[in-house]
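A.B. asks: Coordinates in model_25.txt, compact mmCIF, C-alpha atoms and all ligand atoms, are listed below.
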# COMPACT_ATOMS: atom_id res chain seq x y z
CA MET A 240 -91.09 -43.19 -113.76
CA THR A 241 -88.95 -43.75 -116.83
CA ALA A 242 -86.44 -46.60 -116.79
CA GLU A 243 -83.62 -44.02 -116.71
CA ASP A 244 -85.09 -42.28 -113.65
CA PHE A 245 -85.76 -45.62 -112.01
CA VAL A 246 -82.18 -46.87 -112.45
CA ARG A 247 -80.77 -43.59 -111.18
CA ASP A 248 -83.01 -43.79 -108.12
CA LEU A 249 -82.15 -47.44 -107.46
CA ASP A 250 -78.44 -46.66 -107.76
CA ALA A 251 -78.78 -43.86 -105.18
CA ARG A 252 -80.69 -46.12 -102.77
CA ASN A 253 -78.08 -48.86 -103.17
CA GLN A 254 -75.19 -46.48 -102.62
CA ALA A 255 -76.80 -45.14 -99.44
CA VAL A 256 -76.98 -48.67 -98.00
CA LEU A 257 -73.54 -49.63 -99.30
CA LYS A 258 -72.01 -46.90 -97.16
CA ARG A 259 -73.13 -48.95 -94.17
CA LEU A 260 -71.28 -51.99 -95.50
CA ASP A 261 -68.09 -50.02 -95.15
CA PRO A 262 -66.65 -51.32 -91.89
CA GLU A 263 -63.89 -48.72 -91.70
CA ALA A 264 -65.89 -46.54 -89.36
CA THR A 265 -66.45 -49.23 -86.75
CA LEU A 266 -63.67 -51.73 -87.32
CA LYS A 267 -59.96 -51.38 -87.11
CA PRO A 268 -58.74 -53.74 -89.79
CA GLU A 269 -56.10 -55.97 -88.32
CA VAL A 270 -54.14 -58.88 -89.63
CA SER A 271 -54.22 -61.26 -86.72
CA GLY A 272 -55.48 -64.72 -85.80
CA ASN A 273 -57.34 -66.26 -88.67
CA LEU A 274 -57.93 -63.06 -90.58
CA THR A 275 -55.37 -63.54 -93.33
CA VAL A 276 -55.31 -62.96 -97.06
CA LEU A 277 -55.22 -66.75 -97.48
CA ASN A 278 -58.39 -67.32 -95.45
CA LEU A 279 -60.20 -64.43 -97.12
CA LEU A 280 -59.29 -65.88 -100.54
CA LYS A 281 -60.97 -69.14 -99.47
CA VAL A 282 -64.14 -67.12 -98.79
CA ALA A 283 -63.64 -65.57 -102.25
CA LEU A 284 -63.60 -69.01 -103.89
CA LYS A 285 -67.05 -69.70 -102.49
CA ASN A 286 -68.37 -66.35 -103.74
CA GLU A 287 -66.92 -66.96 -107.20
CA ILE A 288 -68.33 -70.46 -107.60
CA GLU A 289 -71.75 -69.29 -106.42
CA ALA A 290 -71.66 -66.33 -108.83
CA THR A 291 -70.62 -68.66 -111.67
CA GLU A 292 -73.42 -71.07 -110.94
CA ILE A 293 -76.24 -68.58 -110.48
CA ALA A 294 -75.35 -66.93 -113.80
CA ALA A 295 -75.28 -70.35 -115.47
CA ARG A 296 -78.65 -71.36 -113.98
CA TRP A 297 -80.26 -68.13 -115.14
CA LEU A 298 -78.67 -68.44 -118.58
CA VAL A 299 -80.59 -71.66 -119.27
CA THR A 300 -83.87 -70.34 -117.88
CA THR A 301 -84.23 -67.20 -119.98
CA ASP A 302 -85.33 -66.94 -123.58
CA GLU A 303 -83.89 -63.48 -124.19
CA VAL A 304 -80.71 -63.64 -126.26
CA ALA A 305 -79.11 -60.45 -124.88
CA VAL A 306 -79.71 -61.67 -121.33
CA LYS A 307 -78.36 -65.14 -122.11
CA MET A 308 -75.16 -63.69 -123.52
CA ALA A 309 -74.68 -61.26 -120.61
CA LEU A 310 -75.05 -64.15 -118.17
CA ALA A 311 -72.70 -66.35 -120.23
CA ARG A 312 -70.09 -63.60 -120.16
CA GLN A 313 -70.53 -63.23 -116.41
CA ALA A 314 -70.34 -66.99 -115.75
CA GLY A 315 -67.10 -67.14 -117.73
CA ASP A 316 -65.61 -64.18 -115.85
CA GLU A 317 -66.52 -65.60 -112.44
CA ALA A 318 -65.01 -68.99 -113.39
CA LYS A 319 -61.85 -67.16 -114.50
CA HIS A 320 -61.74 -65.39 -111.11
CA TYR A 321 -62.09 -68.76 -109.39
CA ARG A 322 -59.12 -70.15 -111.34
CA MET A 323 -56.93 -67.09 -110.71
CA ILE A 324 -57.72 -67.08 -106.99
CA ALA A 325 -57.01 -70.83 -106.80
CA GLU A 326 -53.65 -70.20 -108.48
CA ARG A 327 -52.85 -67.42 -106.02
CA LEU A 328 -53.79 -69.72 -103.12
CA ARG A 329 -51.38 -72.32 -104.49
CA GLU A 330 -48.60 -69.72 -104.50
CA LEU A 331 -49.48 -68.96 -100.88
CA GLY A 332 -49.12 -72.66 -100.03
CA PHE A 333 -52.75 -73.77 -100.03
CA ASP A 334 -53.91 -76.62 -102.28
CA ALA A 335 -57.16 -75.28 -103.71
CA ALA A 336 -57.58 -78.34 -105.93
CA ALA A 337 -58.32 -80.43 -102.85
CA PHE A 338 -60.74 -77.83 -101.43
CA ASP A 339 -64.49 -77.78 -102.06
CA PRO A 340 -65.89 -74.34 -101.20
CA LEU A 341 -69.43 -75.76 -101.41
CA ALA A 342 -68.75 -78.61 -98.95
CA SER A 343 -70.92 -76.91 -96.35
CA GLY A 344 -73.60 -75.97 -98.88
CA TYR A 345 -74.67 -72.84 -100.72
CA GLY A 346 -75.05 -69.56 -98.86
CA PRO A 347 -78.30 -67.69 -98.14
CA LEU A 348 -77.74 -65.08 -100.86
CA PHE A 349 -77.37 -67.83 -103.46
CA GLY A 350 -80.55 -69.43 -102.09
CA TYR A 351 -82.44 -66.17 -102.46
CA LEU A 352 -81.14 -65.38 -105.96
CA ASP A 353 -82.06 -68.89 -107.07
CA THR A 354 -85.73 -68.16 -106.26
CA LEU A 355 -85.91 -65.19 -108.67
CA SER A 356 -87.70 -66.02 -111.90
CA THR A 357 -88.06 -62.76 -113.81
CA THR A 358 -85.26 -61.07 -115.73
CA VAL A 359 -85.89 -57.69 -114.14
CA GLU A 360 -85.50 -59.12 -110.62
CA ARG A 361 -82.44 -61.16 -111.59
CA VAL A 362 -80.54 -58.30 -113.15
CA ALA A 363 -81.54 -55.90 -110.35
CA ALA A 364 -80.38 -58.34 -107.66
CA GLY A 365 -77.64 -60.48 -109.18
CA GLN A 366 -75.91 -57.97 -111.41
CA PHE A 367 -76.82 -54.38 -110.61
CA THR A 368 -76.83 -54.77 -106.81
CA ARG A 369 -74.66 -57.79 -106.02
CA GLU A 370 -71.90 -56.48 -108.27
CA ALA A 371 -72.11 -53.00 -106.72
CA ILE A 372 -71.55 -54.68 -103.35
CA ALA A 373 -68.59 -56.54 -104.86
CA VAL A 374 -66.97 -53.33 -106.02
CA VAL A 375 -67.13 -51.89 -102.48
CA LYS A 376 -65.92 -55.09 -100.84
CA ASN A 377 -63.09 -55.57 -103.30
CA ARG A 378 -61.88 -52.05 -102.74
CA GLN A 379 -61.71 -52.82 -99.01
CA PHE A 380 -60.02 -56.15 -99.68
CA ILE A 381 -57.36 -54.49 -101.85
CA GLU A 382 -56.56 -52.13 -98.96
CA PHE A 383 -56.46 -55.08 -96.61
CA CYS A 384 -53.97 -56.92 -98.87
CA GLU A 385 -51.77 -53.84 -99.07
CA ARG A 386 -51.74 -53.45 -95.30
CA ALA A 387 -50.81 -57.13 -95.07
CA GLY A 388 -47.96 -56.55 -97.53
CA ASP A 389 -49.47 -58.82 -100.22
CA ARG A 390 -49.04 -56.73 -103.33
CA VAL A 391 -49.52 -59.67 -105.71
CA THR A 392 -53.05 -60.37 -104.48
CA ALA A 393 -53.82 -56.63 -104.36
CA THR A 394 -52.73 -56.30 -108.00
CA LEU A 395 -54.81 -59.31 -109.09
CA TYR A 396 -57.88 -57.69 -107.59
CA ARG A 397 -57.11 -54.17 -108.78
CA ASP A 398 -56.17 -55.05 -112.37
CA VAL A 399 -58.44 -57.98 -113.20
CA ILE A 400 -61.17 -58.91 -110.75
CA GLU A 401 -62.46 -55.51 -109.69
CA PRO A 402 -62.77 -54.19 -113.28
CA ASP A 403 -64.69 -57.35 -114.24
CA GLU A 404 -67.11 -56.97 -111.31
CA ARG A 405 -67.62 -53.34 -112.27
CA PHE A 406 -68.42 -54.48 -115.81
CA HIS A 407 -71.01 -56.96 -114.46
CA HIS A 408 -72.63 -54.10 -112.56
CA GLU A 409 -72.76 -52.06 -115.77
CA LEU A 410 -74.28 -55.02 -117.62
CA GLY A 411 -76.96 -55.02 -114.93
CA ARG A 412 -77.53 -51.33 -115.51
CA SER A 413 -77.98 -51.71 -119.27
CA LEU A 414 -80.33 -54.69 -118.89
CA LEU A 415 -82.35 -52.87 -116.21
CA LEU A 416 -82.77 -49.89 -118.53
CA ARG A 417 -84.41 -52.23 -121.01
CA HIS A 418 -86.51 -54.25 -118.57
CA ALA A 419 -87.54 -51.89 -115.76
CA THR A 420 -90.07 -50.10 -117.93
CA THR A 421 -93.35 -50.63 -116.05
CA VAL A 422 -94.50 -49.80 -112.54
CA GLU A 423 -94.77 -53.49 -111.74
CA ALA A 424 -91.31 -54.36 -113.10
CA GLN A 425 -89.78 -51.46 -111.20
CA GLU A 426 -91.40 -52.57 -107.96
CA ARG A 427 -90.12 -56.12 -108.42
CA ALA A 428 -86.63 -54.83 -109.20
CA ARG A 429 -86.63 -52.50 -106.18
CA GLN A 430 -87.66 -55.32 -103.84
CA ALA A 431 -85.09 -57.75 -105.24
CA ALA A 432 -82.32 -55.16 -104.87
CA ALA A 433 -83.38 -54.30 -101.31
CA ARG A 434 -83.45 -57.96 -100.27
CA THR A 435 -79.99 -58.53 -101.78
CA LEU A 436 -78.58 -55.62 -99.78
CA GLU A 437 -80.30 -56.87 -96.60
CA LEU A 438 -78.80 -60.32 -97.07
CA ALA A 439 -75.37 -58.84 -97.73
CA GLU A 440 -75.58 -56.81 -94.52
CA GLU A 441 -76.78 -59.84 -92.55
CA LEU A 442 -74.04 -61.99 -94.03
CA GLN A 443 -71.39 -59.44 -93.22
CA ALA A 444 -72.65 -59.12 -89.64
CA ALA A 445 -72.81 -62.93 -89.26
CA ALA A 446 -69.30 -63.41 -90.67
CA LEU A 447 -67.98 -60.83 -88.27
CA ARG A 448 -69.78 -62.38 -85.29
CA THR A 449 -68.94 -66.02 -85.94
CA ALA A 450 -65.57 -65.92 -87.64
CA GLY A 451 -64.26 -62.41 -87.12
CA ILE A 452 -64.26 -62.04 -90.91
CA HIS A 453 -64.36 -58.60 -92.44
CA HIS A 454 -62.89 -57.29 -95.67
CA ALA A 455 -63.86 -60.53 -97.47
CA PRO A 456 -63.88 -59.95 -101.23
CA GLY A 457 -67.10 -59.98 -103.20
CA CYS A 458 -68.11 -61.17 -106.60
FE FE A 501 -69.10 -60.60 -110.80
FE FE A 502 -66.06 -62.63 -109.56
Show me the file's structure as structure tokens.
Ligand SMILES: [Fe+2]
Ligand SMILES: [Fe+2]
C.D. replies:
Amino acid sequence: MTAEDFVRDLDARNQAVLKRLDPEATLKPEVSGNLTVLNLLKVALKNEIEATEIAARWLVTTDEVAVKMALARQAGDEAKHYRMIAERLRELGFDAAAFDPLASGYGPLFGYLDTLSTTVERVAAGQFTREAIAVVKNRQFIEFCERAGDRVTATLYRDVIEPDERFHHELGRSLLLRHATTVEAQERARQAAARTLELAEELQAAALRTAGIHHAPGC
């Protein structure tokens, strides 16, 4: 299949699974107990630092200039998101400077992404798929913020963070078009994308089970 056909097919497969990540059908979003914008923003800090670091690790382990620069751009954007979320947390009364989101270690999705060594797998998993997940999750988070009456956080996500994550997804698309050109590369990319979606579903189910967390923003 051509790279164009492959990317179109992968996008359709991803979107079919992403519909299942939408908890609206099974969950009534509620602001109660620990499920607050503040606590969800703390989850967001962890996602942003992990996204920053994986992009930075991949940047130094690729020789391709276009890929290096895409990852550098992404690392910078994710670090900017971290700073903006930390500032918003400070406004909400939480001292993010004294908080280490990696104190309990890196998450399983980070661990998986860190094992990927080829560009086609990395851009399929870390950009094309992970960032498509982020777009869905951030849309849900924006709705959550609005229901909670937090228009400032909703606006931060709608105007800055969500458009950046969408751009990262599009970077993934353009890099995939250039790298997913052989049967073998396409198979690697498909598997990496599928595993990323599986992990995202598992993580969402685990967060819901153990901490009652849903509507956490993505990256
Ligand atoms: Fe991102
Ligand atoms: Fe981000």
A.B. asks: How would you write, as a list in words, the set of residues no farther than 7 Å from ligand FE 502 (chain A) when counting all atoms listed in the file?
C.D. replies: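 Counting all atoms listed in the file, the residues within 7 Å of ligand FE 502 (chain A) come out as Glu287, Ala290, Asp316, Glu317, His320, Ile400, Glu404, Gly457 and Cys458 of chain A.
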A.B. asks: Please write as a ChimeraX atom specification the list of polymer residues whose atoms come within 9 Å of (-73.9, -57.0, -109.5), counting only C-alpha atoms and keeping to the coordinates of the file.
C.D. replies: /A:362-374,404-411,458
A.B. asks: Could you work out how far CA of Leu414 (chain A) lies from CA of Lys285 (chain A), giving the answer in Å with one decimal?
C.D. replies: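 About the pair CA of Lys285 (chain A) and CA of Leu414 (chain A): they are 25.9 Å apart.
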A.B. asks: Quick one: residues within 10 Å of region 347-357 of chain A, all atoms listed in the file counted, chain neighbours fewer than 5 positions away excluded, as a list in words?
C.D. replies: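 Residues near the query, excluding close chain neighbours: Asn286, Glu289, Ala290, Glu292, Ile293, Ala294, Arg296, Trp297, Thr300, Thr301, Val362, Ala364, Gly365, Arg369, His418, Ala424, Arg427, Ala428, Ala431, Arg434, Thr435, Leu436, Glu437, Leu438, Ala439, Glu441 and Leu442 of chain A.
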A.B. asks: Which distance in Å separates CA of Ala387 (chain A) and CA of Tyr321 (chain A), to one decimal?
C.D. replies: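 Result for CA of Ala387 (chain A) versus CA of Tyr321 (chain A): 21.6 Å, one decimal.
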A.B. asks: Using all atoms listed in the file, find the one residue out of A:Leu395, A:Val422, A:Ala455, A:Leu415 that sits nearest to Glu360 (chain A).
C.D. replies: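 Checking each of A:Leu395, A:Val422, A:Ala455, A:Leu415 against Glu360 (chain A), counting all atoms listed in the file, the winner is A:Leu415.
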A.B. asks: Tell me, in Å to one decimal, how far CA of Ala311 (chain A) is from CA of Gly346 (chain A).
C.D. replies: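 So the answer is 21.7 Å.
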A.B. asks: Axis-aligned box over every listed atom of region 436-443 of chain A, padded by 5 Å per side: centre and edges in Å to one decimal, as lines of an AutoDock Vina configuration file?
C.D. replies:
center_x = -75.8
center_y = -58.8
center_z = -96.2
size_x = 18.9
size_y = 16.4
size_z = 17.2
A.B. asks: Is it possible to get the residues within 7 Å of (-63.2, -58.8, -102.1) (coordinates as in the file, counting all atoms listed in the file) written as an mmCIF file with C-alpha atoms, in the frame of the given file?
C.D. replies:
data_model
loop_
_atom_site.group_PDB
_atom_site.id
_atom_site.type_symbol
_atom_site.label_atom_id
_atom_site.label_comp_id
_atom_site.auth_asym_id
_atom_site.auth_seq_id
_atom_site.Cartn_x
_atom_site.Cartn_y
_atom_site.Cartn_z
ATOM 1 C CA ALA A 283 -63.640 -65.570 -102.250
ATOM 2 C CA ALA A 373 -68.590 -56.540 -104.860
ATOM 3 C CA LYS A 376 -65.920 -55.090 -100.840
ATOM 4 C CA ASN A 377 -63.090 -55.570 -103.300
ATOM 5 C CA ARG A 378 -61.880 -52.050 -102.740
ATOM 6 C CA GLN A 379 -61.710 -52.820 -99.010
ATOM 7 C CA PHE A 380 -60.020 -56.150 -99.680
ATOM 8 C CA HIS A 454 -62.890 -57.290 -95.670
ATOM 9 C CA ALA A 455 -63.860 -60.530 -97.470
ATOM 10 C CA PRO A 456 -63.880 -59.950 -101.230
ATOM 11 C CA GLY A 457 -67.100 -59.980 -103.200
#
A.B. asks: Considering all atoms listed in the file, return as a PyMOL selection string whatever protein or nucleic-acid residues lie within 12 Å of Phe338 (chain A), sequence-local ones (same chain, fewer than 5 positions apart) excluded.
C.D. replies: chain A and resi 281-282+284-285+325+328-329+333+343
A.B. asks: May I have the selected residues written with C-alpha atoms, as a compact mmCIF listing (two decimals), in the frame of the given file?
C.D. replies:
# COMPACT_ATOMS: atom_id res chain seq x y z
CA LYS A 281 -60.97 -69.14 -99.47
CA VAL A 282 -64.14 -67.12 -98.79
CA LEU A 284 -63.60 -69.01 -103.89
CA LYS A 285 -67.05 -69.70 -102.49
CA ALA A 325 -57.01 -70.83 -106.80
CA LEU A 328 -53.79 -69.72 -103.12
CA ARG A 329 -51.38 -72.32 -104.49
CA PHE A 333 -52.75 -73.77 -100.03
CA SER A 343 -70.92 -76.91 -96.35
A.B. asks: Give the answer as one residue: which of A:Leu280, A:Val359, A:Val399, A:Ala342 has the shortest atom-to-atom distance to ligand FE 501 (chain A), using only C-alpha atoms and all ligand atoms?
C.D. replies: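 Answer, going by the shortest atom-to-atom distance: A:Val399.
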A.B. asks: Looking at all atoms listed in the file, which of A:Ala255, A:Met323, A:Ala445, A:Leu310 is the one that sits closest to ligand FE 501 (chain A)?
C.D. replies: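 The closest residue to ligand FE 501 (chain A) is A:Leu310.
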A.B. asks: Residues near Val246 (chain A), anyone? I mean within 9 Å using only C-alpha atoms, not counting same-chain ones fewer than 5 positions away, as an NGL selection string.
C.D. replies: :A and (241 or 251 or 412 or 415-416 or 419 or 425)
A.B. asks: Which residue, A:Ala432, A:Leu260, A:Ile381, A:Ala337, has the smallest gap to Asp248 (chain A) when you use all atoms listed in the file?
C.D. replies: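 Checking each of A:Ala432, A:Leu260, A:Ile381, A:Ala337 against Asp248 (chain A), counting all atoms listed in the file, the winner is A:Ala432.
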A.B. asks: Compare A:Gly332, A:Gly344, A:Gly315, A:Gly451 by their minimum atom-to-atom distance to ligand FE 501 (chain A), counting all atoms listed in the file, and give me the closest one.
C.D. replies: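 Among the listed residues, the smallest separation from ligand FE 501 (chain A) belongs to A:Gly315.
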A.B. asks: Using all atoms listed in the file, can you tell me which of A:Asn278, A:Thr449, A:Thr291, A:Gln430 comes closest to ligand FE 501 (chain A)?
C.D. replies: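 Looking only at the distances to ligand FE 501 (chain A), the closest residue turns out to be A:Thr291.
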A.B. asks: Complete region 286-309 of chain A at the level of N, CA, C and O atoms, written as a tab-separated table (two decimals), in the coordinates of the input.
C.D. replies:
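Wrote rebuild_11.tsv, looks like this:
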chain	number	residue	atom	x	y	z
A	286	ASN	N	-67.59	-67.39	-103.04
A	286	ASN	CA	-68.37	-66.35	-103.74
A	286	ASN	C	-68.29	-66.53	-105.24
A	286	ASN	O	-69.28	-66.37	-105.96
A	287	GLU	N	-67.09	-66.84	-105.75
A	287	GLU	CA	-66.92	-66.96	-107.20
A	287	GLU	C	-67.66	-68.16	-107.77
A	287	GLU	O	-68.28	-68.07	-108.84
A	288	ILE	N	-67.64	-69.27	-107.06
A	288	ILE	CA	-68.33	-70.46	-107.60
A	288	ILE	C	-69.84	-70.24	-107.54
A	288	ILE	O	-70.57	-70.62	-108.48
A	289	GLU	N	-70.31	-69.58	-106.49
A	289	GLU	CA	-71.75	-69.29	-106.42
A	289	GLU	C	-72.17	-68.32	-107.52
A	289	GLU	O	-73.23	-68.48	-108.13
A	290	ALA	N	-71.33	-67.30	-107.78
A	290	ALA	CA	-71.66	-66.33	-108.83
A	290	ALA	C	-71.64	-67.00	-110.20
A	290	ALA	O	-72.47	-66.71	-111.07
A	291	THR	N	-70.68	-67.91	-110.41
A	291	THR	CA	-70.62	-68.66	-111.67
A	291	THR	C	-71.91	-69.45	-111.86
A	291	THR	O	-72.53	-69.43	-112.93
A	292	GLU	N	-72.29	-70.15	-110.79
A	292	GLU	CA	-73.42	-71.07	-110.94
A	292	GLU	C	-74.76	-70.36	-111.07
A	292	GLU	O	-75.61	-70.79	-111.85
A	293	ILE	N	-74.94	-69.25	-110.36
A	293	ILE	CA	-76.24	-68.58	-110.48
A	293	ILE	C	-76.39	-68.00	-111.88
A	293	ILE	O	-77.46	-68.07	-112.50
A	294	ALA	N	-75.29	-67.46	-112.43
A	294	ALA	CA	-75.35	-66.93	-113.80
A	294	ALA	C	-75.65	-68.06	-114.79
A	294	ALA	O	-76.44	-67.88	-115.73
A	295	ALA	N	-75.06	-69.22	-114.56
A	295	ALA	CA	-75.28	-70.35	-115.47
A	295	ALA	C	-76.72	-70.86	-115.36
A	295	ALA	O	-77.35	-71.19	-116.38
A	296	ARG	N	-77.25	-70.91	-114.14
A	296	ARG	CA	-78.65	-71.36	-113.98
A	296	ARG	C	-79.60	-70.40	-114.68
A	296	ARG	O	-80.55	-70.83	-115.35
A	297	TRP	N	-79.37	-69.12	-114.53
A	297	TRP	CA	-80.26	-68.13	-115.14
A	297	TRP	C	-80.11	-68.14	-116.67
A	297	TRP	O	-81.08	-67.91	-117.39
A	298	LEU	N	-78.91	-68.39	-117.13
A	298	LEU	CA	-78.67	-68.44	-118.58
A	298	LEU	C	-79.59	-69.47	-119.26
A	298	LEU	O	-80.15	-69.20	-120.32
A	299	VAL	N	-79.77	-70.62	-118.62
A	299	VAL	CA	-80.59	-71.66	-119.27
A	299	VAL	C	-82.08	-71.48	-119.01
A	299	VAL	O	-82.89	-72.18	-119.60
A	300	THR	N	-82.44	-70.52	-118.15
A	300	THR	CA	-83.87	-70.34	-117.88
A	300	THR	C	-84.36	-68.96	-118.33
A	300	THR	O	-85.32	-68.42	-117.79
A	301	THR	N	-83.70	-68.40	-119.33
A	301	THR	CA	-84.23	-67.20	-119.98
A	301	THR	C	-84.26	-67.42	-121.48
A	301	THR	O	-83.42	-68.15	-122.01
A	302	ASP	N	-85.23	-66.81	-122.13
A	302	ASP	CA	-85.33	-66.94	-123.58
A	302	ASP	C	-84.73	-65.75	-124.31
A	302	ASP	O	-84.62	-65.76	-125.54
A	303	GLU	N	-84.35	-64.71	-123.54
A	303	GLU	CA	-83.89	-63.48	-124.19
A	303	GLU	C	-82.40	-63.58	-124.53
A	303	GLU	O	-81.57	-63.77	-123.64
A	304	VAL	N	-82.08	-63.42	-125.80
A	304	VAL	CA	-80.71	-63.64	-126.26
A	304	VAL	C	-79.72	-62.70	-125.58
A	304	VAL	O	-78.65	-63.13	-125.12
A	305	ALA	N	-80.05	-61.41	-125.47
A	305	ALA	CA	-79.11	-60.45	-124.88
A	305	ALA	C	-78.83	-60.82	-123.42
A	305	ALA	O	-77.70	-60.68	-122.94
A	306	VAL	N	-79.86	-61.29	-122.74
A	306	VAL	CA	-79.71	-61.67	-121.33
A	306	VAL	C	-78.88	-62.94	-121.21
A	306	VAL	O	-77.98	-63.05	-120.37
A	307	LYS	N	-79.17	-63.91	-122.08
A	307	LYS	CA	-78.36	-65.14	-122.11
A	307	LYS	C	-76.88	-64.82	-122.27
A	307	LYS	O	-76.03	-65.37	-121.56
A	308	MET	N	-76.56	-63.96	-123.23
A	308	MET	CA	-75.16	-63.69	-123.52
A	308	MET	C	-74.49	-62.90	-122.39
A	308	MET	O	-73.31	-63.11	-122.10
A	309	ALA	N	-75.24	-62.00	-121.76
A	309	ALA	CA	-74.68	-61.26	-120.61
A	309	ALA	C	-74.36	-62.24	-119.48
A	309	ALA	O	-73.31	-62.16	-118.84
